[in-house]
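Engineer: Just so it is clear, I am handing over run.cif, which has mmCIF, C-alpha atoms.
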data_model
loop_
_atom_site.label_atom_id
_atom_site.label_comp_id
_atom_site.auth_asym_id
_atom_site.auth_seq_id
_atom_site.Cartn_x
_atom_site.Cartn_y
_atom_site.Cartn_z
CA MET A 1 77.17 36.06 110.78
CA ALA A 2 76.48 39.77 110.52
CA ASN A 3 73.76 40.58 108.14
CA LEU A 4 74.39 42.06 104.75
CA ARG A 5 72.66 45.34 105.16
CA ASP A 6 74.56 46.16 108.37
CA LEU A 7 77.85 45.41 106.71
CA ARG A 8 77.06 47.66 103.75
CA ARG A 9 76.10 50.44 106.11
CA ARG A 10 79.31 50.12 108.07
CA ILE A 11 81.45 50.14 104.95
CA LYS A 12 79.71 53.27 103.76
CA SER A 13 80.25 55.01 107.07
CA ILE A 14 83.95 54.12 107.13
CA LYS A 15 84.30 55.41 103.59
CA GLY A 16 82.84 58.70 104.78
CA THR A 17 85.36 58.86 107.62
CA GLN A 18 88.16 58.04 105.25
CA GLN A 19 87.20 60.91 103.01
CA ILE A 20 87.39 63.29 105.93
CA THR A 21 90.76 62.04 107.13
CA LYS A 22 92.09 62.22 103.61
CA ALA A 23 90.98 65.82 103.26
CA MET A 24 92.44 66.70 106.63
CA LYS A 25 95.70 65.15 105.65
CA ALA A 26 95.87 67.26 102.52
CA VAL A 27 95.08 70.41 104.46
CA SER A 28 97.64 69.78 107.17
CA ALA A 29 100.25 68.85 104.57
CA ALA A 30 99.81 72.22 102.90
CA LYS A 31 99.91 74.07 106.20
CA MET A 32 102.86 72.07 107.35
CA ARG A 33 104.83 73.10 104.31
CA LYS A 34 104.17 76.73 105.08
CA ALA A 35 105.00 76.33 108.75
CA GLN A 36 108.16 74.46 107.90
CA GLU A 37 109.28 77.23 105.59
CA ALA A 38 108.65 79.73 108.35
CA VAL A 39 110.86 77.73 110.72
CA ILE A 40 113.64 77.52 108.20
CA SER A 41 113.56 81.15 107.19
CA ALA A 42 113.60 82.20 110.83
CA ARG A 43 116.79 80.27 111.51
CA PRO A 44 119.33 82.78 110.16
CA TYR A 45 118.09 85.46 112.55
CA SER A 46 118.22 83.07 115.49
CA LYS A 47 121.72 82.07 114.66
CA ARG A 48 122.90 85.65 114.21
CA ILE A 49 121.32 87.01 117.35
CA LYS A 50 122.83 84.19 119.36
CA GLY A 51 126.23 84.93 117.84
CA VAL A 52 126.00 88.66 118.48
CA LEU A 53 124.79 88.17 122.04
CA GLY A 54 127.62 85.76 122.75
CA ARG A 55 130.20 88.16 121.36
CA VAL A 56 128.74 91.16 123.16
CA ALA A 57 128.84 89.22 126.41
CA VAL A 58 132.49 88.31 125.90
CA ALA A 59 133.53 91.75 124.69
CA SER A 60 131.75 93.67 127.40
CA GLY A 61 133.13 91.34 130.05
CA GLY A 62 130.76 90.52 132.91
CA ILE A 63 128.18 93.14 132.27
CA ASN A 64 125.33 93.46 134.73
CA HIS A 65 121.80 93.33 133.52
CA PRO A 66 118.60 92.38 135.33
CA LEU A 67 117.90 89.61 132.84
CA LEU A 68 121.29 88.03 133.44
CA ALA A 69 120.99 88.01 137.22
CA VAL A 70 121.10 84.49 138.57
CA ARG A 71 119.02 84.08 141.70
CA GLU A 72 118.24 81.13 143.87
CA PRO A 73 115.46 79.36 141.97
CA LYS A 74 112.59 79.71 144.42
CA LYS A 75 109.92 81.01 142.11
CA VAL A 76 109.87 78.97 138.99
CA ALA A 77 107.79 79.67 135.91
CA PHE A 78 107.09 77.36 133.01
CA ILE A 79 105.91 78.33 129.59
CA VAL A 80 104.24 75.32 128.00
CA MET A 81 103.56 75.39 124.29
CA SER A 82 100.97 73.06 122.83
CA ALA A 83 98.61 73.23 119.91
CA ASP A 84 95.07 74.53 120.00
CA ARG A 85 93.53 71.46 118.43
CA GLY A 86 93.87 67.74 118.60
CA LEU A 87 93.71 65.03 115.96
CA CYS A 88 97.45 64.98 115.81
CA GLY A 89 98.46 61.70 117.42
CA GLY A 90 100.59 62.03 120.51
CA PHE A 91 101.81 65.52 119.79
CA ASN A 92 100.00 67.37 122.57
CA GLY A 93 100.18 64.37 124.88
CA ASN A 94 103.95 64.21 124.66
CA ILE A 95 104.50 67.85 125.42
CA ILE A 96 101.99 67.88 128.27
CA ARG A 97 103.45 64.74 129.79
CA ARG A 98 106.88 66.31 129.73
CA ALA A 99 105.56 69.48 131.33
CA ALA A 100 103.65 67.57 134.00
CA GLN A 101 106.82 65.67 134.84
CA GLU A 102 108.74 68.90 135.36
CA LEU A 103 105.91 70.38 137.38
CA LYS A 104 105.75 67.45 139.75
CA GLY A 105 108.71 68.66 141.73
CA ALA A 106 107.55 72.27 141.73
CA THR A 107 104.02 72.49 142.97
CA ASP A 108 104.00 76.23 143.47
CA ALA A 109 105.40 76.97 140.03
CA SER A 110 103.73 79.53 137.82
CA LEU A 111 102.32 78.30 134.57
CA ILE A 112 101.98 80.14 131.32
CA THR A 113 100.17 78.04 128.79
CA ILE A 114 100.15 78.55 125.08
CA GLY A 115 97.56 76.66 123.10
CA ARG A 116 94.17 75.37 124.14
CA LYS A 117 95.26 71.80 124.84
CA SER A 118 97.80 72.56 127.53
CA ARG A 119 95.48 75.09 129.15
CA ASP A 120 92.63 72.59 129.35
CA PHE A 121 94.86 69.88 130.72
CA PHE A 122 96.33 71.93 133.53
CA LYS A 123 93.08 73.63 134.34
CA ARG A 124 91.36 70.28 134.72
CA ARG A 125 94.02 69.17 137.12
CA GLY A 126 93.65 72.24 139.25
CA TYR A 127 96.95 73.95 138.51
CA LYS A 128 96.76 77.67 138.67
CA ILE A 129 97.53 79.24 135.36
CA THR A 130 99.14 82.64 135.52
CA LYS A 131 98.52 83.52 131.94
CA GLU A 132 97.14 81.73 128.95
CA TYR A 133 97.39 82.35 125.26
CA ILE A 134 95.08 80.57 122.89
CA GLY A 135 94.19 80.87 119.26
CA LEU A 136 97.44 82.42 118.11
CA GLY A 137 96.51 81.55 114.56
CA ASP A 138 98.06 79.68 111.71
CA ASP A 139 100.71 82.14 110.75
CA VAL A 140 102.64 82.89 113.87
CA LYS A 141 102.97 86.61 114.44
CA TYR A 142 106.14 88.01 115.89
CA ALA A 143 103.92 90.30 117.93
CA SER A 144 102.61 87.29 119.89
CA ALA A 145 106.15 86.34 120.81
CA ARG A 146 106.77 89.94 121.82
CA ASP A 147 103.71 89.91 124.10
CA ILE A 148 104.74 86.74 125.84
CA GLY A 149 108.36 87.88 125.98
CA SER A 150 107.64 91.23 127.54
CA PHE A 151 105.36 89.58 130.07
CA VAL A 152 108.02 87.21 131.41
CA VAL A 153 110.76 89.81 131.13
CA GLU A 154 108.76 92.17 133.31
CA LYS A 155 107.98 89.46 135.85
CA TYR A 156 111.61 88.44 135.93
CA SER A 157 112.86 92.00 136.33
CA ASN A 158 110.46 92.51 139.23
CA GLU A 159 111.89 89.36 140.80
CA GLU A 160 108.50 87.68 140.67
CA TYR A 161 110.19 84.81 138.87
CA ASP A 162 113.66 83.52 139.59
CA VAL A 163 113.90 81.19 136.66
CA VAL A 164 111.79 80.73 133.56
CA TYR A 165 111.68 77.56 131.52
CA LEU A 166 110.25 77.10 128.08
CA ILE A 167 108.82 73.70 127.18
CA TYR A 168 108.00 73.09 123.56
CA SER A 169 108.22 70.53 120.80
CA GLN A 170 111.35 70.74 118.80
CA PHE A 171 110.67 70.20 115.14
CA ILE A 172 113.32 67.75 114.02
CA ASN A 173 111.62 66.48 110.91
CA VAL A 174 108.19 65.59 109.70
CA LEU A 175 108.15 62.32 111.59
CA VAL A 176 110.00 63.35 114.71
CA GLN A 177 109.10 66.05 117.19
CA LYS A 178 110.86 66.02 120.49
CA PRO A 179 109.60 67.76 123.61
CA ILE A 180 112.41 69.83 125.05
CA MET A 181 112.88 72.21 127.90
CA VAL A 182 115.14 75.23 127.67
CA LYS A 183 116.02 77.77 130.28
CA LEU A 184 114.80 81.11 129.07
CA LEU A 185 115.74 83.26 132.03
CA PRO A 186 118.21 84.06 133.47
CA ALA A 187 119.55 84.51 129.98
CA GLU A 188 122.77 82.67 129.38
CA PRO A 189 124.71 84.19 126.54
CA PRO A 190 125.51 81.28 124.27
CA ALA A 191 129.10 80.25 124.01
CA GLU A 192 130.42 80.73 120.53
CA GLU A 193 130.40 77.56 118.61
CA GLY A 194 132.71 76.37 115.94
CA GLU A 195 134.24 79.71 115.07
CA ASP A 196 137.98 79.98 115.23
CA GLU A 197 137.97 83.57 116.41
CA THR A 198 136.96 82.93 119.97
CA LYS A 199 139.40 85.55 121.11
CA LYS A 200 137.98 88.76 122.35
CA VAL A 201 137.21 91.32 119.70
CA ASP A 202 137.43 94.94 120.73
CA TYR A 203 134.11 96.28 119.68
CA VAL A 204 133.05 99.87 119.55
CA PHE A 205 129.64 100.03 121.17
CA GLU A 206 127.08 102.62 120.27
CA PRO A 207 125.55 104.05 122.38
CA SER A 208 127.21 101.81 125.02
CA ALA A 209 127.68 98.15 125.82
CA GLU A 210 125.00 98.38 128.51
CA ALA A 211 122.50 100.00 126.17
CA VAL A 212 123.13 97.45 123.44
CA MET A 213 122.79 94.61 125.92
CA ALA A 214 119.60 96.09 127.33
CA GLU A 215 118.08 96.08 123.89
CA LEU A 216 119.57 92.85 122.73
CA LEU A 217 118.48 90.64 125.63
CA PRO A 218 114.69 91.13 125.37
CA LYS A 219 114.99 90.57 121.62
CA TYR A 220 116.87 87.37 122.28
CA ILE A 221 114.14 86.16 124.64
CA GLU A 222 111.42 87.14 122.18
CA ASN A 223 113.20 85.31 119.44
CA ALA A 224 113.53 82.15 121.53
CA ILE A 225 109.78 82.25 122.13
CA TYR A 226 109.09 82.99 118.49
CA GLN A 227 111.21 80.04 117.49
CA GLY A 228 109.28 77.86 119.93
CA LEU A 229 105.97 79.00 118.52
CA LEU A 230 107.07 78.32 114.97
CA GLU A 231 108.42 74.89 115.77
CA THR A 232 105.28 73.99 117.68
CA LYS A 233 103.18 74.99 114.71
CA ALA A 234 105.27 73.05 112.24
CA GLY A 235 105.39 70.05 114.57
CA PHE A 236 101.65 70.14 115.08
CA TYR A 237 100.87 70.08 111.40
CA SER A 238 103.33 67.34 110.63
CA ALA A 239 101.99 65.27 113.53
CA GLN A 240 98.49 65.86 112.28
CA MET A 241 99.46 64.92 108.77
CA THR A 242 101.03 61.68 109.98
CA ALA A 243 98.04 60.89 112.18
CA MET A 244 95.60 61.52 109.37
CA ASP A 245 97.66 59.44 106.98
CA ASN A 246 97.53 56.56 109.44
CA ALA A 247 93.81 57.01 109.92
CA THR A 248 93.26 56.89 106.18
CA LYS A 249 95.34 53.74 105.93
CA ASN A 250 93.48 52.13 108.80
CA ALA A 251 90.19 52.98 107.16
CA SER A 252 91.31 51.32 103.92
CA GLU A 253 92.32 48.22 105.81
CA MET A 254 89.00 48.10 107.61
CA ILE A 255 87.08 48.58 104.40
CA ASP A 256 89.00 45.70 102.82
CA LYS A 257 88.31 43.45 105.76
CA LEU A 258 84.62 44.32 105.89
CA THR A 259 84.25 43.92 102.14
CA LEU A 260 85.67 40.43 102.44
CA VAL A 261 83.26 39.56 105.24
CA MET A 262 80.42 41.07 103.26
CA ASN A 263 81.23 39.08 100.15
CA ARG A 264 81.42 35.92 102.16
CA ALA A 265 78.05 36.65 103.71
CA ARG A 266 76.62 37.40 100.29
CA GLN A 267 78.01 34.15 98.90
CA ALA A 268 76.67 32.22 101.85
CA VAL A 269 73.24 33.64 101.23
CA ILE A 270 73.41 32.65 97.55
CA THR A 271 74.69 29.17 98.38
CA LYS A 272 71.96 28.76 100.90
CA GLU A 273 69.33 29.82 98.41
CA ILE A 274 70.63 27.45 95.72
CA SER A 275 70.72 24.55 98.10
CA GLU A 276 67.22 25.37 99.22
CA ILE A 277 66.01 25.45 95.63
CA CYS A 278 67.83 22.21 94.86
CA SER A 279 66.47 20.41 97.87
CA GLY A 280 63.01 21.78 97.10
CA ALA A 281 63.28 20.45 93.53
CA ALA A 282 64.62 17.11 94.80
CA ALA A 283 61.69 16.79 97.16
CA LEU A 284 59.27 17.26 94.28
CA GLU A 285 60.72 14.46 92.21
CA MET B 1 137.10 87.99 102.38
CA SER B 2 139.15 89.92 99.88
CA GLY B 3 140.41 93.41 100.68
CA LYS B 4 137.67 94.90 98.62
CA GLY B 5 134.00 94.54 99.32
CA GLN B 6 132.16 93.61 102.42
CA ARG B 7 129.39 91.17 103.02
CA LEU B 8 126.11 92.70 104.07
CA GLU B 9 123.51 90.49 105.60
CA ILE B 10 120.12 91.78 106.66
CA VAL B 11 117.96 89.36 108.61
CA THR B 12 114.65 89.76 110.36
CA PRO B 13 112.94 87.25 112.63
CA GLN B 14 110.87 86.15 109.66
CA ARG B 15 113.41 85.85 106.88
CA LYS B 16 116.72 86.71 105.35
CA VAL B 17 116.15 89.93 103.45
CA PHE B 18 119.50 90.51 101.87
CA SER B 19 122.86 88.80 101.66
CA GLU B 20 125.33 90.15 99.14
CA ASP B 21 128.66 91.89 98.85
CA VAL B 22 128.38 95.67 98.90
CA ASP B 23 130.83 98.54 98.59
CA PHE B 24 129.44 101.05 101.00
CA LEU B 25 126.48 101.51 103.26
CA VAL B 26 124.99 104.16 105.49
CA ALA B 27 122.99 102.93 108.44
CA PRO B 28 120.66 104.82 110.78
CA GLY B 29 122.56 104.21 114.02
CA ALA B 30 121.23 105.10 117.44
CA GLU B 31 123.76 107.96 117.66
CA GLY B 32 123.21 109.22 114.15
CA GLU B 33 123.86 107.91 110.70
CA LEU B 34 127.07 106.09 110.11
CA GLY B 35 128.79 104.99 106.97
CA ILE B 36 130.55 101.66 106.77
CA LEU B 37 133.34 100.94 104.29
CA PRO B 38 135.16 97.63 104.03
CA SER B 39 137.62 96.91 106.87
CA HIS B 40 135.69 99.00 109.32
CA ALA B 41 136.63 98.55 112.97
CA PRO B 42 134.52 96.06 114.92
CA LEU B 43 131.34 97.78 115.97
CA ILE B 44 128.01 96.95 117.51
CA THR B 45 125.28 99.52 117.49
CA SER B 46 121.57 99.63 117.91
CA LEU B 47 119.66 101.04 114.99
CA ASN B 48 116.91 103.57 114.72
CA VAL B 49 113.93 103.32 112.46
CA GLY B 50 115.26 104.66 109.22
CA ILE B 51 116.54 104.19 105.74
CA MET B 52 119.70 102.31 104.99
CA ARG B 53 121.50 103.41 101.87
CA ILE B 54 123.57 100.83 100.08
CA GLU B 55 126.01 101.13 97.21
CA GLN B 56 126.85 98.06 95.22
CA GLU B 57 128.99 98.23 92.08
CA GLY B 58 127.85 101.73 91.25
CA LYS B 59 124.21 100.96 91.91
CA LYS B 60 122.52 102.64 94.80
CA PHE B 61 119.49 101.38 96.59
CA LYS B 62 117.70 101.60 99.89
CA VAL B 63 116.35 99.32 102.54
CA VAL B 64 113.97 100.47 105.24
CA VAL B 65 114.87 99.08 108.64
CA SER B 66 112.70 99.33 111.72
CA GLY B 67 115.04 99.19 114.66
CA GLY B 68 117.41 96.43 115.60
CA PHE B 69 121.17 96.04 115.64
CA MET B 70 124.15 96.12 113.39
CA GLU B 71 127.34 94.25 113.96
CA VAL B 72 130.46 94.98 111.94
CA ARG B 73 133.30 92.51 112.14
CA ASN B 74 135.96 91.39 109.67
CA SER B 75 134.24 93.22 106.82
CA ARG B 76 131.05 91.38 107.57
CA VAL B 77 128.08 93.53 108.35
CA THR B 78 125.15 91.83 110.01
CA VAL B 79 121.93 93.74 110.46
CA LEU B 80 119.43 92.21 112.85
CA ALA B 81 116.37 94.24 112.11
CA THR B 82 112.92 93.97 113.62
CA ALA B 83 111.60 94.51 110.13
CA ALA B 84 113.31 95.35 106.86
CA GLU B 85 112.01 95.92 103.35
CA ARG B 86 113.31 97.02 100.03
CA PRO B 87 111.39 99.95 98.57
CA ASP B 88 109.73 97.78 95.94
CA GLU B 89 108.44 95.44 98.65
CA ILE B 90 106.70 98.17 100.56
CA ASN B 91 102.96 98.04 100.60
CA VAL B 92 102.19 101.74 100.14
CA GLU B 93 98.52 101.34 100.94
CA ARG B 94 99.28 99.59 104.17
CA ALA B 95 101.83 102.21 105.14
CA GLU B 96 99.34 104.99 104.37
CA ALA B 97 96.74 103.26 106.51
CA ALA B 98 99.24 102.82 109.33
CA LYS B 99 100.24 106.46 109.08
CA LYS B 100 96.65 107.59 109.29
CA ARG B 101 95.94 105.27 112.18
CA ALA B 102 98.93 106.53 114.14
CA GLU B 103 98.06 110.17 113.44
CA ASP B 104 94.50 109.64 114.57
CA ARG B 105 95.67 108.00 117.71
CA LEU B 106 98.05 110.85 118.49
CA ALA B 107 95.37 113.43 117.72
CA SER B 108 92.74 111.75 119.87
CA LYS B 109 92.98 112.73 123.51
CA VAL B 110 92.65 109.30 125.01
CA PRO B 111 93.90 109.56 128.61
CA ASP B 112 96.27 106.61 128.78
CA LEU B 113 97.53 106.74 125.26
CA ASP B 114 100.71 104.87 124.55
CA THR B 115 102.25 107.92 122.93
CA LEU B 116 105.62 106.36 122.41
CA ARG B 117 104.18 103.41 120.56
CA ALA B 118 101.99 105.58 118.38
CA GLU B 119 104.93 107.81 117.56
CA MET B 120 107.06 104.82 116.66
CA ALA B 121 104.31 103.50 114.43
CA LEU B 122 104.02 106.86 112.74
CA LYS B 123 107.76 107.03 112.24
CA ARG B 124 107.86 103.58 110.67
CA ALA B 125 105.00 104.43 108.35
CA LEU B 126 106.61 107.70 107.31
CA MET B 127 109.95 106.02 106.62
CA ARG B 128 108.29 103.38 104.49
CA LEU B 129 106.41 105.98 102.49
CA LYS B 130 109.51 108.09 102.03
CA ALA B 131 111.51 105.15 100.77
CA ALA B 132 108.72 103.96 98.51
CA ASN B 133 108.19 107.36 96.97
CA ASP B 134 111.75 108.19 95.91
CA LYS B 135 113.14 104.97 94.63
#
Kindly present the structure from the file in structure tokens form.
Structural biologist:
Amino acid sequence: MANLRDLRRRIKSIKGTQQITKAMKAVSAAKMRKAQEAVISARPYSKRIKGVLGRVAVASGGINHPLLAVREPKKVAFIVMSADRGLCGGFNGNIIRRAAQELKGATDASLITIGRKSRDFFKRRGYKITKEYIGLGDDVKYASARDIGSFVVEKYSNEEYDVVYLIYSQFINVLVQKPIMVKLLPAEPPAEEGEDETKKVDYVFEPSAEAVMAELLPKYIENAIYQGLLETKAGFYSAQMTAMDNATKNASEMIDKLTLVMNRARQAVITKEISEICSGAAALE
Amino acid sequence: MSGKGQRLEIVTPQRKVFSEDVDFLVAPGAEGELGILPSHAPLITSLNVGIMRIEQEGKKFKVVVSGGFMEVRNSRVTVLATAAERPDEINVERAEAAKKRAEDRLASKVPDLDTLRAEMALKRALMRLKAANDK
């Protein structure tokens, strides 16, 4: 049987760990709430820009733009979004696994990693990373999305990439984040959904349909990236919160178990002592 | 939508800034300012950095928009702005600082200066200050 002092020490150390996980849970819960709000308040813009792009594409009728050009997918690029830090259960693992799966078939693909975890993973495995972004911070700046967006847009326009995929964790709810892959480029104007007025509207374009499209498309790409960044952030914090909650619970369970063992050991010691005293007394009689 | 009034919605990538029925608005279009009354013909235009003037039940107010798009359709006006603020939301200090920064950058003779970007920054700062100062 383990000795008493060791058990006490272990319980104390687990209590210390529990305090840390509890604090981390509280912090990530607060940050998650903020990140979640950011995701939700960014949705109207996403929805509108998709709608406008779809309608412009229909109204302008087969407009030509470098970002719409479909080429044979020889040079593939992946943008992989992970978090910068761990302690968040399988969050980073899931997204990286998904990315690695996609990369298996495309060994010469270009990689753009966002977040420290995906960079480290792919670097360790000897993939060449075209560009990496780390430490984008807790509140996601639109400017970061613009940087990433303009980088891939330029590469695509120069025909250095034929197709660009974005792999990120979709934030479904606090408990569920799903890794998904979306095709970023060539841009596919979304088909209009649900609205009854699918018929072509005769728009007046100012300055021209081409000019509007040329401005709209990069914005659409940027927004898709921005959305990805926001959802990754929200997903990361909710995954971390869940993980820390579990860790706290596990610590409680362990403390309970160890306390029981400790009490038993303590009782055994007392029983032993009493029986020793008794037998000592009996021997004297 | 009734014959009168039109729905104006201003959204930025960060948030929904405005969503109410208005009577009339003037927007800083790429080809010059344009006024939109209810039942305007379908229109899509890119926007300049500028001030949007809005009239709503006799009240007049302004919103600063920094580039983006406007779509008009079925008396629904959707503004997709890169940034948009009401005058009372403008941080005057920040705008002043941005103005000064942009001016300094333009004045300094750095060889590969991104003049266009500095000018845009200056324009945004000036628009914000203008809107904030005459509410």
Engineer: Point out the residue among B:Val49, B:Leu25, B:Val63, B:Val79 with the least atom-to-atom distance to chain A, counting all atoms listed in the file.
Structural biologist: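 Smallest distance to chain A is found for B:Val79.
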Engineer: Since I can't run it myself right now, could you work out what the PyMOL selection byres ((chain B) within 12 of (chain A)) selects here and report it as a PyMOL selection string?
Structural biologist: chain B and resi 9-19+28-34+40-48+67-74+76-83
Engineer: Quote the spacing between CA of Met81 in chain A and CA of Ile112 in chain A in Å to one decimal place.
Structural biologist: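 Computing it gives 8.6 Å between the two atoms.
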Engineer: Which residue, A:Tyr127, A:Tyr220, A:Tyr168, A:Tyr156, has the smallest gap to Lys104 in chain A when you use all atoms listed in the file?
Structural biologist: A:Tyr127
Engineer: Check what the PyMOL selection byres ((chain A and resi 96) around 9) selects in the file above and give those residues as a VMD selection string.
Structural biologist: chain A and resid 80 to 82 91 to 95 97 to 101 117 to 118 121 to 122 179
Engineer: Considering all atoms listed in the file, return as a CSV table (one decimal) with C-alpha atoms, keeping the file's coordinate frame whatever protein or nucleic-acid residues lie within 7 Å of Leu166 in chain A, sequence-local ones (same chain, fewer than 6 positions apart) excluded.
Structural biologist:
chain,number,residue,atom,x,y,z
A,78,PHE,CA,107.1,77.4,133.0
A,79,ILE,CA,105.9,78.3,129.6
A,80,VAL,CA,104.2,75.3,128.0
A,181,MET,CA,112.9,72.2,127.9
A,182,VAL,CA,115.1,75.2,127.7
A,183,LYS,CA,116.0,77.8,130.3
A,184,LEU,CA,114.8,81.1,129.1
Engineer: Evaluate the PyMOL selection byres ((chain A and resi 172-174) around 12) here and jot the selected residues down as a PyMOL selection string.
Structural biologist: chain A and resi 28-29+32-33+35-36+39-40+91+169-171+175-180+231-243
Engineer: Please, what distance in Å, to one decimal, runs between CA of Leu111 in chain A and CA of Thr130 in chain A?
Structural biologist: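 Going from CA of Leu111 in chain A over to CA of Thr130 in chain A covers 5.5 Å.
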Engineer: Find the residues near Ala97 in chain B: any atom within 12 Å, counting only C-alpha atoms, skip ones fewer than 2 places away on the same chain, and give them as a list in words.
Structural biologist: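 In the requested form, the answer reads Asn91, Val92, Glu93, Arg94, Ala95, Lys99, Lys100, Arg101, Ala102, Glu103, Asp104, Ala121, Leu122, Arg124, Ala125, Leu126, Arg128 and Leu129 of chain B.
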Engineer: Emit as AutoDock Vina command-line options the padded axis-aligned box for all listed atoms of range 264-270 of chain A, 5 Å per side, with centre and edge lengths in Å to one decimal.
Structural biologist:
--center_x 77.3 --center_y 34.8 --center_z 100.6 --size_x 18.2 --size_y 15.2 --size_z 16.2
Engineer: Rounded to one decimal in Å, what is the spacing between CA of Lys128 in chain A and CA of Ala109 in chain A?
Structural biologist: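 Computing it gives 8.8 Å between the two atoms.
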Engineer: Quick one: everything within 8 Å of range 61-66 of chain A, counting only C-alpha atoms, minus sequence neighbours fewer than 4 positions away in the same chain. Send it as a list in words.
Structural biologist: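 Within the cut-off, the hits are Ala57, Ser157, Glu210, Met213 and Ala214 of chain A.
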Engineer: With distances taken over all atoms listed in the file, which residue among B:Asp23, B:Ala131, B:Ala98, B:Leu116 lies nearest Met52 in chain B?
Structural biologist: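 Closest candidate: B:Ala131.
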Engineer: Out of B:Gln6, B:Val26, B:Ala118, B:Ile51, which residue has the shortest atom-to-atom distance to Leu106 in chain B when counting all atoms listed in the file?
Structural biologist: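 Answer, going by the shortest atom-to-atom distance: B:Ala118.
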Engineer: Could you add all heavy atoms to range 146-151 of chain A and give me the result as a compact mmCIF listing (two decimals), in the frame of the given file?
Structural biologist:
# COMPACT_ATOMS: atom_id res chain seq x y z
N ARG A 146 106.37 88.74 121.09
CA ARG A 146 106.77 89.94 121.82
C ARG A 146 105.90 90.10 123.08
O ARG A 146 106.42 90.44 124.13
CB ARG A 146 106.64 91.17 120.93
CG ARG A 146 107.42 92.33 121.47
CD ARG A 146 107.43 93.50 120.51
NE ARG A 146 107.54 93.04 119.13
CZ ARG A 146 107.20 93.80 118.08
NH1 ARG A 146 106.75 95.01 118.25
NH2 ARG A 146 107.34 93.33 116.86
N ASP A 147 104.60 89.83 122.94
CA ASP A 147 103.71 89.91 124.10
C ASP A 147 104.17 88.99 125.21
O ASP A 147 104.33 89.41 126.36
CB ASP A 147 102.28 89.48 123.69
CG ASP A 147 101.54 90.61 123.02
OD1 ASP A 147 102.08 91.73 123.00
OD2 ASP A 147 100.42 90.36 122.52
N ILE A 148 104.36 87.74 124.84
CA ILE A 148 104.74 86.74 125.84
C ILE A 148 106.09 87.11 126.43
O ILE A 148 106.30 87.05 127.64
CB ILE A 148 104.80 85.33 125.20
CG1 ILE A 148 103.44 84.99 124.60
CG2 ILE A 148 105.21 84.29 126.22
CD1 ILE A 148 103.46 83.83 123.61
N GLY A 149 107.00 87.52 125.55
CA GLY A 149 108.36 87.88 125.98
C GLY A 149 108.33 89.02 126.97
O GLY A 149 108.94 88.94 128.04
N SER A 150 107.59 90.06 126.65
CA SER A 150 107.64 91.23 127.54
C SER A 150 106.98 90.90 128.88
O SER A 150 107.37 91.42 129.91
CB SER A 150 107.00 92.45 126.89
OG SER A 150 105.70 92.16 126.49
N PHE A 151 106.00 89.98 128.82
CA PHE A 151 105.36 89.58 130.07
C PHE A 151 106.36 88.90 131.01
O PHE A 151 106.49 89.30 132.17
CB PHE A 151 104.18 88.64 129.78
CG PHE A 151 103.50 88.11 131.00
CD1 PHE A 151 102.64 88.91 131.73
CD2 PHE A 151 103.72 86.80 131.43
CE1 PHE A 151 102.01 88.42 132.87
CE2 PHE A 151 103.10 86.31 132.55
CZ PHE A 151 102.24 87.13 133.28
